[in-house]
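Undergrad: Structure file run_38.cif, mmCIF, C-alpha atoms and all ligand atoms, is pasted below:
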data_upload
#
loop_
_atom_site.label_atom_id
_atom_site.label_comp_id
_atom_site.auth_asym_id
_atom_site.auth_seq_id
_atom_site.Cartn_x
_atom_site.Cartn_y
_atom_site.Cartn_z
CA MET R 1 -19.92 6.64 68.69
CA LEU R 2 -18.48 9.16 71.13
CA VAL R 3 -14.70 9.51 71.17
CA GLU R 4 -12.63 12.06 73.06
CA ILE R 5 -9.19 12.89 71.65
CA GLU R 6 -6.72 14.87 73.74
CA GLN R 7 -4.43 17.60 72.44
CA VAL R 8 -5.43 17.77 68.79
CA LEU R 9 -4.02 21.29 69.07
CA GLY R 10 -1.04 22.00 71.32
CA GLU R 11 -0.87 24.76 73.90
CA ASP R 12 0.94 27.24 71.63
CA ASP R 13 -1.58 26.79 68.83
CA VAL R 14 -4.50 27.18 71.24
CA GLN R 15 -3.07 30.45 72.60
CA ALA R 16 -2.48 31.76 69.07
CA PHE R 17 -6.04 30.83 68.06
CA LEU R 18 -7.55 32.47 71.16
CA SER R 19 -5.72 35.75 70.70
CA GLU R 20 -6.77 35.97 67.03
CA LEU R 21 -10.37 34.98 67.83
CA ALA R 22 -10.65 37.54 70.65
CA ALA R 23 -9.97 40.29 68.08
CA ALA R 24 -12.27 38.83 65.37
CA THR R 25 -15.59 40.26 64.19
CA TRP R 26 -18.35 37.87 65.31
CA SER R 27 -21.81 37.44 63.78
CA ASP R 28 -25.10 36.17 65.16
CA GLY R 29 -24.98 32.36 64.94
CA ARG R 30 -28.64 32.18 63.93
CA GLY R 31 -27.68 33.21 60.40
CA SER R 32 -26.48 29.67 59.65
CA ALA R 33 -29.13 27.72 61.57
CA GLY R 34 -31.95 25.71 59.97
CA TYR R 35 -35.52 26.88 60.64
CA LEU R 36 -36.02 24.49 63.58
CA SER R 37 -32.72 25.22 65.34
CA ARG R 38 -32.93 28.98 64.85
CA GLY R 39 -35.10 29.39 67.93
CA ALA R 40 -32.73 27.29 70.05
CA LYS R 41 -29.51 28.95 68.91
CA ASN R 42 -28.09 31.87 70.87
CA ASN R 43 -24.39 32.15 70.12
CA GLU R 44 -21.96 33.89 67.79
CA GLN R 45 -19.98 32.53 64.87
CA LEU R 46 -17.42 33.62 62.33
CA PRO R 47 -19.05 33.64 58.87
CA ASP R 48 -18.20 30.65 56.62
CA ASP R 49 -16.16 32.85 54.28
CA ASP R 50 -14.37 34.82 57.03
CA SER R 51 -10.66 34.96 56.17
CA LEU R 52 -9.58 34.23 59.76
CA ALA R 53 -11.93 31.21 59.95
CA LEU R 54 -10.51 29.89 56.67
CA LYS R 55 -6.91 30.40 57.84
CA LEU R 56 -7.36 28.79 61.28
CA GLY R 57 -9.59 26.10 59.78
CA LYS R 58 -6.72 24.98 57.53
CA ARG R 59 -4.49 24.62 60.60
CA VAL R 60 -7.14 22.44 62.27
CA LEU R 61 -7.43 20.24 59.16
CA ALA R 62 -3.62 19.86 59.02
CA ALA R 63 -3.58 18.78 62.68
CA LEU R 64 -6.40 16.26 62.05
CA GLU R 65 -4.63 14.71 59.07
CA THR R 66 -1.71 13.64 61.24
CA ASN R 67 -3.78 12.60 64.27
CA ALA R 68 -3.83 8.79 64.21
CA THR R 69 -6.71 8.48 66.69
CA PHE R 70 -8.90 10.90 64.74
CA VAL R 71 -8.22 9.08 61.46
CA ALA R 72 -8.87 5.65 63.03
CA ALA R 73 -12.10 6.74 64.75
CA ALA R 74 -13.63 8.88 62.00
CA LEU R 75 -12.25 7.17 58.87
CA PRO R 76 -12.79 10.54 57.20
CA LEU R 77 -13.75 10.85 53.56
CA LYS R 78 -14.65 14.57 53.55
CA ILE R 79 -14.51 17.23 56.24
CA VAL R 80 -16.56 20.45 56.22
CA PRO R 81 -14.22 23.46 56.55
CA PRO R 82 -14.05 24.06 60.32
CA LEU R 83 -16.23 26.81 61.81
CA PHE R 84 -15.70 28.84 64.96
CA ASN R 85 -18.17 29.82 67.65
CA ARG R 86 -18.22 31.92 70.79
CA TYR R 87 -20.55 31.73 73.78
CA GLN R 88 -20.32 34.68 76.13
CA GLU R 89 -22.16 34.85 79.43
CA SER R 90 -25.84 33.75 79.19
CA ARG R 91 -25.43 32.37 75.67
CA GLU R 92 -26.47 28.80 74.91
CA TYR R 93 -27.67 26.49 72.14
CA GLY R 94 -30.78 24.51 73.08
CA PRO R 95 -31.49 20.90 72.04
CA HIS R 96 -31.24 20.40 68.28
CA ILE R 97 -30.07 17.99 65.64
CA ASP R 98 -27.54 18.91 62.97
CA GLY R 99 -28.73 18.82 59.37
CA ALA R 100 -27.83 15.57 57.59
CA ILE R 101 -26.35 17.28 54.55
CA ARG R 102 -24.07 20.28 54.77
CA PRO R 103 -23.21 22.40 51.72
CA VAL R 104 -19.61 23.59 51.53
CA ALA R 105 -19.79 27.38 51.22
CA GLY R 106 -18.60 28.75 47.91
CA THR R 107 -18.50 25.32 46.23
CA PRO R 108 -21.05 22.97 44.61
CA HIS R 109 -20.03 20.25 47.12
CA ARG R 110 -22.17 18.71 49.84
CA ILE R 111 -21.08 16.60 52.80
CA ARG R 112 -23.14 14.01 54.70
CA THR R 113 -22.71 14.71 58.41
CA ASP R 114 -22.01 11.19 59.74
CA LEU R 115 -20.00 12.65 62.62
CA SER R 116 -20.00 15.98 64.43
CA ALA R 117 -16.84 17.31 66.07
CA THR R 118 -16.19 20.00 68.66
CA LEU R 119 -12.66 21.11 69.44
CA PHE R 120 -12.58 23.03 72.73
CA LEU R 121 -10.30 26.09 72.74
CA SER R 122 -11.05 27.79 76.07
CA ALA R 123 -9.54 26.33 79.24
CA PRO R 124 -12.38 24.67 81.20
CA ASP R 125 -11.63 26.72 84.35
CA SER R 126 -11.92 29.99 82.39
CA TYR R 127 -15.72 29.65 82.08
CA ASP R 128 -18.65 28.06 83.90
CA GLY R 129 -21.38 26.11 82.12
CA GLY R 130 -21.00 25.66 78.37
CA GLU R 131 -20.99 21.86 78.51
CA LEU R 132 -21.77 20.08 75.26
CA VAL R 133 -24.55 17.65 76.21
CA VAL R 134 -25.01 14.74 73.80
CA GLU R 135 -27.89 12.26 73.99
CA ASP R 136 -26.94 8.78 72.90
CA THR R 137 -28.27 5.31 73.56
CA ASN R 138 -26.73 5.37 77.05
CA GLY R 139 -28.49 8.61 78.03
CA GLN R 140 -27.01 12.10 78.24
CA ARG R 141 -23.28 12.74 78.28
CA GLU R 142 -21.94 16.10 79.48
CA ILE R 143 -18.70 17.00 77.76
CA LYS R 144 -16.35 19.79 78.75
CA LEU R 145 -12.82 19.12 77.59
CA GLY R 146 -9.41 20.68 78.03
CA ALA R 147 -8.17 23.38 75.66
CA GLY R 148 -7.07 21.70 72.42
CA ASP R 149 -9.09 18.51 73.03
CA LEU R 150 -11.74 17.24 70.61
CA VAL R 151 -14.91 15.18 70.87
CA LEU R 152 -16.33 13.20 67.98
CA TYR R 153 -19.98 12.17 68.25
CA SER R 154 -22.69 10.80 66.02
CA GLY R 155 -24.21 13.40 63.72
CA GLY R 156 -27.56 11.77 64.47
CA SER R 157 -27.53 12.66 68.19
CA VAL R 158 -29.74 15.36 69.70
CA HIS R 159 -27.37 17.70 71.56
CA HIS R 160 -27.16 21.12 73.18
CA VAL R 161 -24.69 23.55 74.67
CA ALA R 162 -25.58 24.47 78.26
CA PRO R 163 -25.75 28.18 79.12
CA VAL R 164 -22.41 29.83 79.89
CA THR R 165 -22.75 31.48 83.31
CA ARG R 166 -19.26 33.02 83.55
CA GLY R 167 -16.52 33.82 81.09
CA THR R 168 -16.38 32.99 77.37
CA ARG R 169 -16.32 29.64 75.60
CA TYR R 170 -14.55 29.50 72.23
CA ALA R 171 -14.67 26.34 70.13
CA VAL R 172 -14.12 24.94 66.66
CA PHE R 173 -16.86 22.75 65.19
CA PHE R 174 -17.22 20.79 61.97
CA TRP R 175 -18.71 17.69 60.39
CA ILE R 176 -17.22 14.62 58.81
CA GLN R 177 -18.48 12.30 56.09
CA SER R 178 -16.92 8.98 56.95
CA MET R 179 -15.80 6.32 54.49
CA VAL R 180 -17.94 4.01 56.66
CA ARG R 181 -21.50 5.31 56.79
CA GLY R 182 -22.86 3.09 59.57
CA GLY R 183 -21.98 4.01 63.14
CA ALA R 184 -22.01 0.40 64.37
CA GLU R 185 -19.59 -0.75 61.65
CA ARG R 186 -17.33 2.27 62.25
CA GLN R 187 -17.27 1.56 66.00
CA LEU R 188 -16.35 -2.11 65.38
CA LEU R 189 -13.50 -1.07 63.11
CA PHE R 190 -12.22 1.44 65.67
CA ASP R 191 -12.37 -1.13 68.49
CA LEU R 192 -10.54 -3.68 66.33
CA ASP R 193 -7.93 -1.11 65.32
CA CYS R 194 -7.29 -0.11 68.97
CA THR R 195 -7.00 -3.80 69.94
CA ILE R 196 -4.48 -4.50 67.18
CA GLN R 197 -2.41 -1.47 68.28
CA ALA R 198 -2.48 -2.62 71.91
CA LEU R 199 -1.54 -6.21 71.01
CA SER R 200 1.28 -4.94 68.83
CA ALA R 201 2.61 -2.78 71.69
CA SER R 202 2.47 -5.75 74.06
CA GLY R 203 4.69 -7.85 71.79
CA ALA R 204 2.07 -10.29 70.50
CA GLU R 205 2.97 -12.87 67.84
CA GLN R 206 3.56 -11.25 64.46
CA ALA R 207 1.77 -13.93 62.43
CA GLU R 208 -1.48 -13.52 64.41
CA LEU R 209 -1.20 -9.73 64.26
CA VAL R 210 -0.96 -9.92 60.48
CA ARG R 211 -4.11 -12.11 60.40
CA LEU R 212 -5.97 -9.64 62.63
CA ALA R 213 -4.83 -6.71 60.48
CA GLY R 214 -6.10 -8.69 57.50
CA ILE R 215 -9.53 -9.04 59.13
CA TYR R 216 -9.55 -5.28 59.80
CA HIS R 217 -8.75 -4.43 56.20
CA ASN R 218 -11.18 -6.96 54.78
CA LEU R 219 -13.99 -5.52 56.90
CA LEU R 220 -12.96 -2.03 55.83
CA ARG R 221 -13.02 -3.16 52.18
CA LEU R 222 -16.52 -4.56 52.78
CA TRP R 223 -17.94 -1.41 54.40
CA ALA R 224 -15.98 1.56 53.09
CA ASP R 225 -16.80 3.85 50.19
CA THR R 226 -14.16 6.19 48.85
NI NI N 301 -25.26 21.12 66.65
#
What do you get writing this file as structure tokens?
Ligand code: NI
TA:
Amino acid sequence: MLVEIEQVLGEDDVQAFLSELAAATWSDGRGSAGYLSRGAKNNEQLPDDDSLALKLGKRVLAALETNATFVAAALPLKIVPPLFNRYQESREYGPHIDGAIRPVAGTPHRIRTDLSATLFLSAPDSYDGGELVVEDTNGQREIKLGAGDLVLYSGGSVHHVAPVTRGTRYAVFFWIQSMVRGGAERQLLFDLDCTIQALSASGAEQAELVRLAGIYHNLLRLWADT
């Protein structure tokens, strides 16, 4: 699954985030990497318990809750509190895979990382390089989105962030445990949901729409855990 969602954060929010992040105190990103990814990781992050990260993270979660496309694609059960990273010139994160289980800092809770998400904050013309490159069954996808846009991709994909060769790349990243564990089932549900929405907008017969919605919910009942 690889889904791009535009304007999860609006322009005003993005500007407010960027000005606060520019003044933040950044730490070496290797502090939070597993032993295999530590060698590949060369970026900066705000610590998990950083008060600015917690404050901005709550705003991201609030925006996600009301984003119909995000909810339909991810079918979120739990979301790791969003984290923030910065890649200045010559920084990068080589090929790695995200750990399957992510502890939630300061709590006894753990989250299975079915989906990874990156929300781009920097305008794409403000830096060169810095593409998120995700390997999936169709090969490599290079992703560099507009400020405020988000990409959702399978937590099981090998991925990297290409070196930044000019400017600074700020982003939000986090993981989601979905109500539907299997990527193929989740993709089917998302495709069906999008089709029902499109049919509804085109004025399709109500009785058939209700039947289709019934199929959607019965599949969800079959596959979802809450
Ligand atoms: Ni990663």
Undergrad: Would you mind telling me which residue in R:Asp98, R:Asp125, R:Asp225, R:Asp114 lies nearest to ligand NI 301 (chain N) when using only C-alpha atoms and all ligand atoms?
TA: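 Result for the nearest residue to ligand NI 301 (chain N): R:Asp98.
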Undergrad: Quick check, in Å to one decimal: how far apart do CA of Gln7 (chain R) and CA of Arg91 (chain R) lie?
TA: 25.9 Å
Undergrad: How far is it from CA of Thr69 (chain R) to CA of Leu46 (chain R), in Å with one decimal?
TA: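 Between CA of Thr69 (chain R) and CA of Leu46 (chain R) the gap works out to 27.7 Å.
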Undergrad: What's around region 19-35 of chain R at 8 Å? Count only C-alpha atoms, leave out sequence neighbours fewer than 2 positions away in its own chain, and write the answer as a list of chain:residue names.
TA: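 Within the cut-off, the hits are R:Gln15, R:Ala16, R:Phe17, R:Ser37, R:Arg38, R:Gly39, R:Lys41, R:Asn42, R:Asn43, R:Glu44, R:Gln45, R:Leu46, R:Pro47, R:Leu52, R:Asn85, R:Gly99.
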Undergrad: Determine the nearest neighbour of ligand NI 301 (chain N) from the options R:Leu18, R:Val161, R:Ala74, R:Ala53, counting all atoms listed in the file.
TA: R:Val161
Undergrad: For ligand NI 301 (chain N), which residue out of R:Met179, R:Val172, R:Cys194, R:Ala201 is the nearest one, using all atoms listed in the file?
TA: R:Val172
Undergrad: Just how far from CA of Leu121 (chain R) is CA of Leu9 (chain R), in Å to one decimal?
TA: 8.7 Å
Undergrad: Write out as an NGL selection string each polymer residue (protein, DNA or RNA) that has an atom no more than 9 Å from ligand NI 301 (chain N), with only C-alpha atoms and all ligand atoms counted.
TA: :R and (37 or 93 or 95-99 or 116 or 155 or 157-161 or 173)
Undergrad: Quick one: of R:Ser200, R:Asn67, R:Thr118, R:Asn218, who's nearest to Leu152 (chain R), counting only C-alpha atoms?
TA: R:Thr118
Undergrad: Nearest residue to Ala63 (chain R) out of R:Glu4, R:Asp13, R:Asp50, R:Glu185, using only C-alpha atoms?
TA: R:Asp13
Undergrad: Which residues are near Gly183 (chain R)? Cut-off 12 Å, only C-alpha atoms, ignore same chain within fewer than 3 positions. Put them as a list of chain:residue names.
TA: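 Surrounding residues, per the criterion: R:Met1, R:Leu2, R:Ala73, R:Ala74, R:Leu75, R:Thr113, R:Asp114, R:Leu115, R:Asp136, R:Leu152, R:Tyr153, R:Ser154, R:Gly155, R:Gly156, R:Ser157, R:Gln177, R:Ser178, R:Met179, R:Val180, R:Arg186, R:Gln187, R:Leu188, R:Leu189, R:Phe190, R:Trp223, R:Ala224.
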Undergrad: Residues near Ala62 (chain R), anyone? I mean within 12 Å using all atoms listed in the file, not counting same-chain ones fewer than 2 positions away, as a PyMOL selection string.
TA: chain R and resi 8-9+55-60+64-67+70-71+79+81-82
Undergrad: How would region 78-108 of chain R look with N, CA and C atoms restored, written as an mmCIF file, in the frame of the given file?
TA:
data_model
loop_
_atom_site.group_PDB
_atom_site.id
_atom_site.type_symbol
_atom_site.label_atom_id
_atom_site.label_comp_id
_atom_site.auth_asym_id
_atom_site.auth_seq_id
_atom_site.Cartn_x
_atom_site.Cartn_y
_atom_site.Cartn_z
ATOM 1 N N LYS R 78 -14.617 13.121 53.800
ATOM 2 C CA LYS R 78 -14.650 14.570 53.550
ATOM 3 C C LYS R 78 -14.905 15.272 54.872
ATOM 4 N N ILE R 79 -14.304 16.444 55.017
ATOM 5 C CA ILE R 79 -14.510 17.230 56.240
ATOM 6 C C ILE R 79 -14.983 18.629 55.827
ATOM 7 N N VAL R 80 -16.076 19.086 56.457
ATOM 8 C CA VAL R 80 -16.560 20.450 56.220
ATOM 9 C C VAL R 80 -15.503 21.423 56.749
ATOM 10 N N PRO R 81 -15.188 22.501 56.018
ATOM 11 C CA PRO R 81 -14.220 23.460 56.550
ATOM 12 C C PRO R 81 -14.627 23.897 57.961
ATOM 13 N N PRO R 82 -13.695 23.783 58.929
ATOM 14 C CA PRO R 82 -14.050 24.060 60.320
ATOM 15 C C PRO R 82 -14.624 25.466 60.533
ATOM 16 N N LEU R 83 -15.579 25.547 61.450
ATOM 17 C CA LEU R 83 -16.230 26.810 61.810
ATOM 18 C C LEU R 83 -15.899 27.136 63.263
ATOM 19 N N PHE R 84 -16.111 28.377 63.627
ATOM 20 C CA PHE R 84 -15.700 28.840 64.960
ATOM 21 C C PHE R 84 -16.896 29.495 65.644
ATOM 22 N N ASN R 85 -17.093 29.155 66.927
ATOM 23 C CA ASN R 85 -18.170 29.820 67.650
ATOM 24 C C ASN R 85 -17.703 30.349 68.994
ATOM 25 N N ARG R 86 -18.530 31.257 69.511
ATOM 26 C CA ARG R 86 -18.220 31.920 70.790
ATOM 27 C C ARG R 86 -19.512 32.013 71.590
ATOM 28 N N TYR R 87 -19.435 31.591 72.853
ATOM 29 C CA TYR R 87 -20.550 31.730 73.780
ATOM 30 C C TYR R 87 -20.064 32.618 74.921
ATOM 31 N N GLN R 88 -20.606 33.837 74.971
ATOM 32 C CA GLN R 88 -20.320 34.680 76.130
ATOM 33 C C GLN R 88 -21.385 34.408 77.182
ATOM 34 N N GLU R 89 -21.266 35.117 78.318
ATOM 35 C CA GLU R 89 -22.160 34.850 79.430
ATOM 36 C C GLU R 89 -23.627 34.896 78.983
ATOM 37 N N SER R 90 -24.397 33.925 79.433
ATOM 38 C CA SER R 90 -25.840 33.750 79.190
ATOM 39 C C SER R 90 -26.181 33.263 77.776
ATOM 40 N N ARG R 91 -25.146 32.952 76.990
ATOM 41 C CA ARG R 91 -25.430 32.370 75.670
ATOM 42 C C ARG R 91 -25.535 30.853 75.785
ATOM 43 N N GLU R 92 -26.294 30.251 74.887
ATOM 44 C CA GLU R 92 -26.470 28.800 74.910
ATOM 45 C C GLU R 92 -26.986 28.344 73.543
ATOM 46 N N TYR R 93 -27.041 27.046 73.355
ATOM 47 C CA TYR R 93 -27.670 26.490 72.140
ATOM 48 C C TYR R 93 -28.529 25.327 72.619
ATOM 49 N N GLY R 94 -29.842 25.513 72.575
ATOM 50 C CA GLY R 94 -30.780 24.510 73.080
ATOM 51 C C GLY R 94 -30.747 23.230 72.257
ATOM 52 N N PRO R 95 -31.508 22.201 72.704
ATOM 53 C CA PRO R 95 -31.490 20.900 72.040
ATOM 54 C C PRO R 95 -31.824 21.007 70.549
ATOM 55 N N HIS R 96 -31.015 20.369 69.726
ATOM 56 C CA HIS R 96 -31.240 20.400 68.280
ATOM 57 C C HIS R 96 -30.519 19.212 67.654
ATOM 58 N N ILE R 97 -30.773 19.023 66.390
ATOM 59 C CA ILE R 97 -30.070 17.990 65.640
ATOM 60 C C ILE R 97 -29.443 18.656 64.414
ATOM 61 N N ASP R 98 -28.219 18.290 64.097
ATOM 62 C CA ASP R 98 -27.540 18.910 62.970
ATOM 63 C C ASP R 98 -28.121 18.373 61.665
ATOM 64 N N GLY R 99 -28.215 19.241 60.678
ATOM 65 C CA GLY R 99 -28.730 18.820 59.370
ATOM 66 C C GLY R 99 -27.880 17.687 58.804
ATOM 67 N N ALA R 100 -28.527 16.758 58.087
ATOM 68 C CA ALA R 100 -27.830 15.570 57.590
ATOM 69 C C ALA R 100 -26.855 15.890 56.467
ATOM 70 N N ILE R 101 -27.185 16.922 55.698
ATOM 71 C CA ILE R 101 -26.350 17.280 54.550
ATOM 72 C C ILE R 101 -25.904 18.717 54.714
ATOM 73 N N ARG R 102 -24.622 18.938 54.552
ATOM 74 C CA ARG R 102 -24.070 20.280 54.770
ATOM 75 C C ARG R 102 -23.411 20.763 53.472
ATOM 76 N N PRO R 103 -23.907 21.870 52.900
ATOM 77 C CA PRO R 103 -23.210 22.400 51.720
ATOM 78 C C PRO R 103 -21.868 22.997 52.138
ATOM 79 N N VAL R 104 -20.897 22.939 51.249
ATOM 80 C CA VAL R 104 -19.610 23.590 51.530
ATOM 81 C C VAL R 104 -19.657 24.962 50.869
ATOM 82 N N ALA R 105 -19.611 26.007 51.702
ATOM 83 C CA ALA R 105 -19.790 27.380 51.220
ATOM 84 C C ALA R 105 -18.855 27.693 50.056
ATOM 85 N N GLY R 106 -19.409 28.311 49.039
ATOM 86 C CA GLY R 106 -18.600 28.750 47.910
ATOM 87 C C GLY R 106 -18.237 27.646 46.934
ATOM 88 N N THR R 107 -18.787 26.438 47.133
ATOM 89 C CA THR R 107 -18.500 25.320 46.230
ATOM 90 C C THR R 107 -19.808 24.595 45.926
ATOM 91 N N PRO R 108 -19.825 23.754 44.870
ATOM 92 C CA PRO R 108 -21.050 22.970 44.610
ATOM 93 C C PRO R 108 -21.093 21.692 45.452
#
